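Student: Got a file for you: run35.cif, mmCIF, C-alpha atoms.
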```cif
data_structure
#
loop_
_atom_site.label_atom_id
_atom_site.label_comp_id
_atom_site.auth_asym_id
_atom_site.auth_seq_id
_atom_site.Cartn_x
_atom_site.Cartn_y
_atom_site.Cartn_z
CA MET A 21 -67.16 72.64 -51.36
CA SER A 22 -70.04 74.69 -50.01
CA VAL A 23 -70.12 78.43 -50.49
CA ILE A 24 -69.41 80.57 -47.44
CA HIS A 25 -72.05 83.26 -46.98
CA VAL A 26 -70.51 86.56 -45.89
CA ASP A 27 -72.30 89.71 -44.79
CA GLN A 28 -69.39 92.03 -45.51
CA THR A 29 -66.03 91.85 -47.28
CA LEU A 30 -63.16 94.01 -46.08
CA ASP A 31 -60.14 94.57 -48.34
CA CYS A 32 -56.91 94.79 -46.34
CA ARG A 33 -54.58 93.65 -49.13
CA GLY A 34 -51.22 95.39 -49.01
CA LEU A 35 -51.61 96.38 -45.35
CA ALA A 36 -49.22 95.17 -42.63
CA CYS A 37 -49.85 94.51 -38.96
CA PRO A 38 -51.65 96.04 -37.12
CA MET A 39 -53.84 97.59 -39.85
CA PRO A 40 -55.84 94.48 -40.90
CA ILE A 41 -56.96 94.02 -37.27
CA VAL A 42 -57.58 97.76 -36.77
CA LYS A 43 -59.77 97.93 -39.88
CA THR A 44 -61.58 94.72 -38.91
CA LYS A 45 -62.38 96.05 -35.41
CA LYS A 46 -63.98 99.12 -36.99
CA ALA A 47 -65.90 97.04 -39.56
CA MET A 48 -67.15 94.66 -36.85
CA SER A 49 -68.86 97.55 -35.07
CA ALA A 50 -71.03 98.09 -38.17
CA ILE A 51 -72.34 94.53 -38.49
CA HIS A 52 -74.79 92.56 -36.33
CA SER A 53 -74.01 89.69 -33.96
CA GLY A 54 -73.81 86.41 -35.82
CA GLN A 55 -72.91 88.01 -39.13
CA VAL A 56 -69.73 86.96 -40.92
CA ILE A 57 -67.03 89.25 -42.23
CA GLU A 58 -64.52 88.18 -44.86
CA VAL A 59 -61.15 89.95 -44.60
CA LEU A 60 -58.83 89.87 -47.62
CA ALA A 61 -55.19 90.18 -46.57
CA THR A 62 -51.74 89.67 -48.04
CA ASP A 63 -49.77 89.90 -44.77
CA LYS A 64 -48.73 86.30 -44.03
CA GLY A 65 -48.71 87.07 -40.31
CA SER A 66 -52.39 87.98 -40.45
CA LEU A 67 -53.37 84.32 -40.11
CA ALA A 68 -51.96 84.06 -36.58
CA ASP A 69 -53.08 87.62 -35.84
CA PHE A 70 -56.73 86.93 -36.66
CA GLN A 71 -56.79 83.63 -34.79
CA ALA A 72 -55.35 85.24 -31.65
CA TRP A 73 -57.46 88.40 -31.93
CA ALA A 74 -60.70 86.44 -32.30
CA SER A 75 -59.82 84.24 -29.33
CA ASN A 76 -58.93 87.32 -27.28
CA THR A 77 -62.17 89.19 -28.08
CA GLY A 78 -64.77 86.41 -28.19
CA HIS A 79 -65.43 86.64 -31.92
CA GLN A 80 -65.37 83.30 -33.74
CA TYR A 81 -62.51 82.67 -36.14
CA LEU A 82 -64.14 80.41 -38.75
CA GLY A 83 -61.12 79.76 -40.95
CA THR A 84 -58.91 81.03 -43.73
CA VAL A 85 -58.85 80.20 -47.42
CA HIS A 86 -55.61 80.74 -49.36
CA GLU A 87 -56.02 81.98 -52.93
CA GLY A 88 -52.61 82.69 -54.39
CA ASN A 89 -51.01 85.33 -52.19
CA VAL A 90 -54.36 86.44 -50.73
CA LEU A 91 -55.61 85.11 -47.41
CA LYS A 92 -59.39 85.21 -46.98
CA HIS A 93 -60.15 85.24 -43.24
CA PHE A 94 -63.71 84.52 -42.08
CA ILE A 95 -64.82 85.80 -38.69
CA ARG A 96 -68.26 85.64 -37.08
CA LYS A 97 -69.19 88.56 -34.85
CA ALA A 98 -69.87 87.50 -31.27
CA ASN A 99 -73.17 87.96 -29.49
CA PRO A 100 -72.99 90.62 -26.75
CA ASP A 101 -72.74 87.95 -24.02
CA GLU A 102 -69.77 86.33 -25.84
CA VAL A 103 -67.69 89.50 -26.26
CA LYS A 104 -64.58 89.73 -24.11
CA GLU A 105 -62.76 92.93 -23.28
CA GLU A 106 -59.57 92.88 -25.30
CA LEU A 107 -56.67 92.51 -22.89
CA LYS A 108 -53.27 94.11 -23.21
CA TYR A 109 -50.24 92.43 -21.67
CA MET A 110 -49.25 94.40 -18.59
CA HIS A 111 -45.46 94.04 -18.64
CA THR A 112 -43.95 96.34 -21.26
CA VAL A 113 -40.66 98.10 -21.93
CA THR A 114 -39.90 100.86 -24.37
CA ASN A 115 -37.42 100.49 -27.17
CA GLY A 116 -35.10 102.82 -25.22
CA GLU A 117 -35.29 100.64 -22.09
CA LEU A 118 -34.48 97.51 -24.09
CA LEU A 119 -31.57 99.26 -25.81
CA ARG A 120 -30.12 100.34 -22.42
CA ARG A 121 -30.38 96.76 -21.13
CA ILE A 122 -28.68 95.40 -24.24
CA GLU A 123 -25.90 98.01 -23.95
CA ALA A 124 -25.48 97.09 -20.25
CA ASN A 125 -24.98 93.46 -21.35
CA GLU A 126 -27.89 92.20 -19.24
CA LYS A 127 -28.67 88.52 -19.66
CA LEU A 128 -31.80 88.58 -21.81
CA THR A 129 -33.24 87.09 -24.94
CA VAL A 130 -35.09 89.05 -27.61
CA ILE A 131 -37.70 86.97 -29.44
CA ASP A 132 -38.72 88.46 -32.80
CA VAL A 133 -42.24 87.23 -33.62
CA ARG A 134 -42.46 88.85 -37.08
CA GLU A 135 -42.54 86.85 -40.28
CA PRO A 136 -39.19 85.41 -41.54
CA ALA A 137 -38.85 87.97 -44.37
CA GLU A 138 -39.27 90.89 -41.93
CA TYR A 139 -36.68 89.33 -39.62
CA ALA A 140 -34.22 88.67 -42.46
CA PHE A 141 -34.07 92.28 -43.59
CA ASN A 142 -33.98 94.14 -40.26
CA ARG A 143 -33.58 92.73 -36.76
CA ILE A 144 -31.94 93.41 -33.42
CA PRO A 145 -28.53 91.66 -33.35
CA GLY A 146 -28.86 88.30 -31.65
CA ALA A 147 -32.69 88.29 -31.70
CA VAL A 148 -34.21 84.83 -32.04
CA SER A 149 -36.81 84.39 -34.78
CA ILE A 150 -39.98 82.58 -33.74
CA PRO A 151 -42.84 83.86 -35.91
CA PHE A 152 -46.02 84.35 -33.87
CA GLY A 153 -47.82 81.73 -35.95
CA ASP A 154 -45.20 79.16 -34.85
CA LEU A 155 -45.00 80.13 -31.17
CA GLU A 156 -47.88 77.89 -30.06
CA GLN A 157 -45.91 74.85 -31.33
CA ARG A 158 -42.43 76.10 -30.33
CA TRP A 159 -42.90 77.69 -26.89
CA HIS A 160 -41.47 74.55 -25.25
CA GLU A 161 -38.07 75.42 -26.85
CA LEU A 162 -37.83 78.37 -24.43
CA ASP A 163 -36.65 78.18 -20.81
CA PRO A 164 -39.41 79.61 -18.57
CA ASN A 165 -36.71 80.76 -16.10
CA GLN A 166 -35.13 83.14 -18.64
CA THR A 167 -36.08 86.76 -19.30
CA PHE A 168 -37.67 87.32 -22.71
CA TYR A 169 -38.37 90.53 -24.59
CA MET A 170 -40.93 89.98 -27.32
CA ILE A 171 -40.79 92.28 -30.36
CA CYS A 172 -42.71 92.66 -33.61
CA ARG A 173 -43.24 95.56 -35.98
CA THR A 174 -45.52 97.70 -33.77
CA GLY A 175 -46.11 95.89 -30.46
CA ASN A 176 -49.45 94.24 -31.27
CA ARG A 177 -48.32 90.79 -32.35
CA SER A 178 -45.71 90.73 -29.58
CA ASP A 179 -48.46 91.63 -27.08
CA ARG A 180 -50.34 88.48 -28.05
CA ALA A 181 -47.07 86.48 -27.91
CA CYS A 182 -46.50 87.68 -24.33
CA GLN A 183 -50.03 86.61 -23.39
CA LEU A 184 -49.46 83.17 -24.92
CA LEU A 185 -46.22 82.65 -22.95
CA ALA A 186 -47.80 83.95 -19.74
CA ASP A 187 -50.61 81.42 -20.20
CA LYS A 188 -47.90 78.73 -20.42
CA GLY A 189 -46.40 79.80 -17.07
CA PHE A 190 -43.65 82.18 -18.17
CA THR A 191 -43.21 85.02 -15.67
CA ALA A 192 -40.27 87.05 -17.01
CA VAL A 193 -41.73 88.24 -20.33
CA ALA A 194 -42.11 91.82 -21.56
CA ASN A 195 -43.60 93.37 -24.68
CA VAL A 196 -41.31 95.86 -26.46
CA LEU A 197 -43.14 99.05 -27.43
CA ASN A 198 -43.25 100.38 -30.21
CA GLY A 199 -41.45 97.52 -31.86
CA MET A 200 -39.12 97.50 -34.84
CA SER A 201 -41.01 100.33 -36.58
CA ASP A 202 -39.56 102.68 -33.95
CA TRP A 203 -36.28 100.90 -33.09
CA SER A 204 -33.26 103.25 -33.18
CA GLY A 205 -30.63 100.84 -31.90
CA PRO A 206 -28.28 98.71 -33.96
CA THR A 207 -29.74 96.26 -36.45
CA GLU A 208 -28.47 93.48 -38.68
CA SER A 209 -29.78 91.75 -41.78
CA ASN A 210 -29.02 88.79 -44.00
CA GLN A 211 -27.51 91.14 -46.61
#
```
Turn the structure described in the file into structure tokens.
Tutor:
Amino acid sequence: MSVIHVDQTLDCRGLACPMPIVKTKKAMSAIHSGQVIEVLATDKGSLADFQAWASNTGHQYLGTVHEGNVLKHFIRKANPDEVKEELKYMHTVTNGELLRRIEANEKLTVIDVREPAEYAFNRIPGAVSIPFGDLEQRWHELDPNQTFYMICRTGNRSDRACQLLADKGFTAVANVLNGMSDWSGPTESNQ
């Protein structure tokens, strides 16, 4: 296997979403177009996060190498004419709004796009687990005529999940802000 030349290595081991992306955005501003950054991460969800983030911003996701529990993500910085303005999904609800709708027994489905371990230990009762990394292959399991509330830990991964579903023709999708890190409603776990 050939050696991958990197211009900078960024250590994000032990950090959870959204921090690997936040730190990478900052590091990207310090390197030149065409240079490659290697991001070391242990968050399993970072694979889907980096793929979606690169696609959303114009940077080139080159690939990921797995070494034990460390994911080495390689991203090439875009040229100025390739950079896209990072979009945020426009339809959002707060945790409080979602809780009121759940308490009012509205017909809705909460899709939890976090990793399975996060979902297992703390989730909204009745939430459906579809990790963001699986959504591209599983979106067809969802009825585009239903209302979906996408949730993750902080609202970043669920933002990208909303964009993915909107691109597939879903119209009743909302991102839940600020995600499970700020959820004060009832939860359940596998315990």
Student: Kindly indicate which residue among A:Thr84, A:Asn99, A:Ser75, A:Thr174 lies nearest to A:Ser53, using all atoms listed in the file for the distances.
Tutor: A:Asn99
Student: Quick one: which residues end up in the PyMOL selection byres ((chain A and resi 41) around 12) for this structure, as a count of residues only?
Tutor: 35
Student: Neighbouring residues of stretch 142-156 of chain A were defined as those with any atom within 9 Å, considering all atoms listed in the file; residues of the same chain fewer than 6 positions away were excluded. Please report them as a VMD selection string.
Tutor: chain A and resid 65 to 69 129 to 136 172 177 to 178 180 to 181 184 to 185 200 203 205 to 210
Student: Between A:Tyr139, A:His111, A:Gln166, A:Ser201, which has the minimum distance to A:Glu126 (counting all atoms listed in the file)?
Tutor: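 Residue with the minimum atom-to-atom distance to A:Glu126: A:Gln166.
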Student: Between atom CA of A:Lys97 and atom CA of A:Arg33, what distance in Å does the model show, to one decimal?
Tutor: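 Between atom CA of A:Lys97 and atom CA of A:Arg33 the gap is 21.1 Å.
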Student: Can you pull out the residues contacting stretch 192-194 of chain A? Cut-off 8 Å, using all atoms listed in the file, and skip same-chain residues under 4 positions away; I want them as a VMD selection string.
Tutor: chain A and resid 111 to 113 164 to 170 182 185 to 186
Student: Report, in Å with one decimal, the straight-line distance from atom CA of A:Ile171 to atom CA of A:Gly199.
Tutor: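 Interatomic distance here is 5.5 Å.
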Student: Just to confirm, what's the straight-line distance from atom CA of A:Asp202 to atom CA of A:Lys127 in Å (one decimal)?
Tutor: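 Distance reported for this atom pair: 22.9 Å.
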Student: Between A:Glu117, A:Glu58, A:Glu123, A:Asp163, which has the minimum distance to A:Leu82 (counting all atoms listed in the file)?
Tutor: A:Glu58
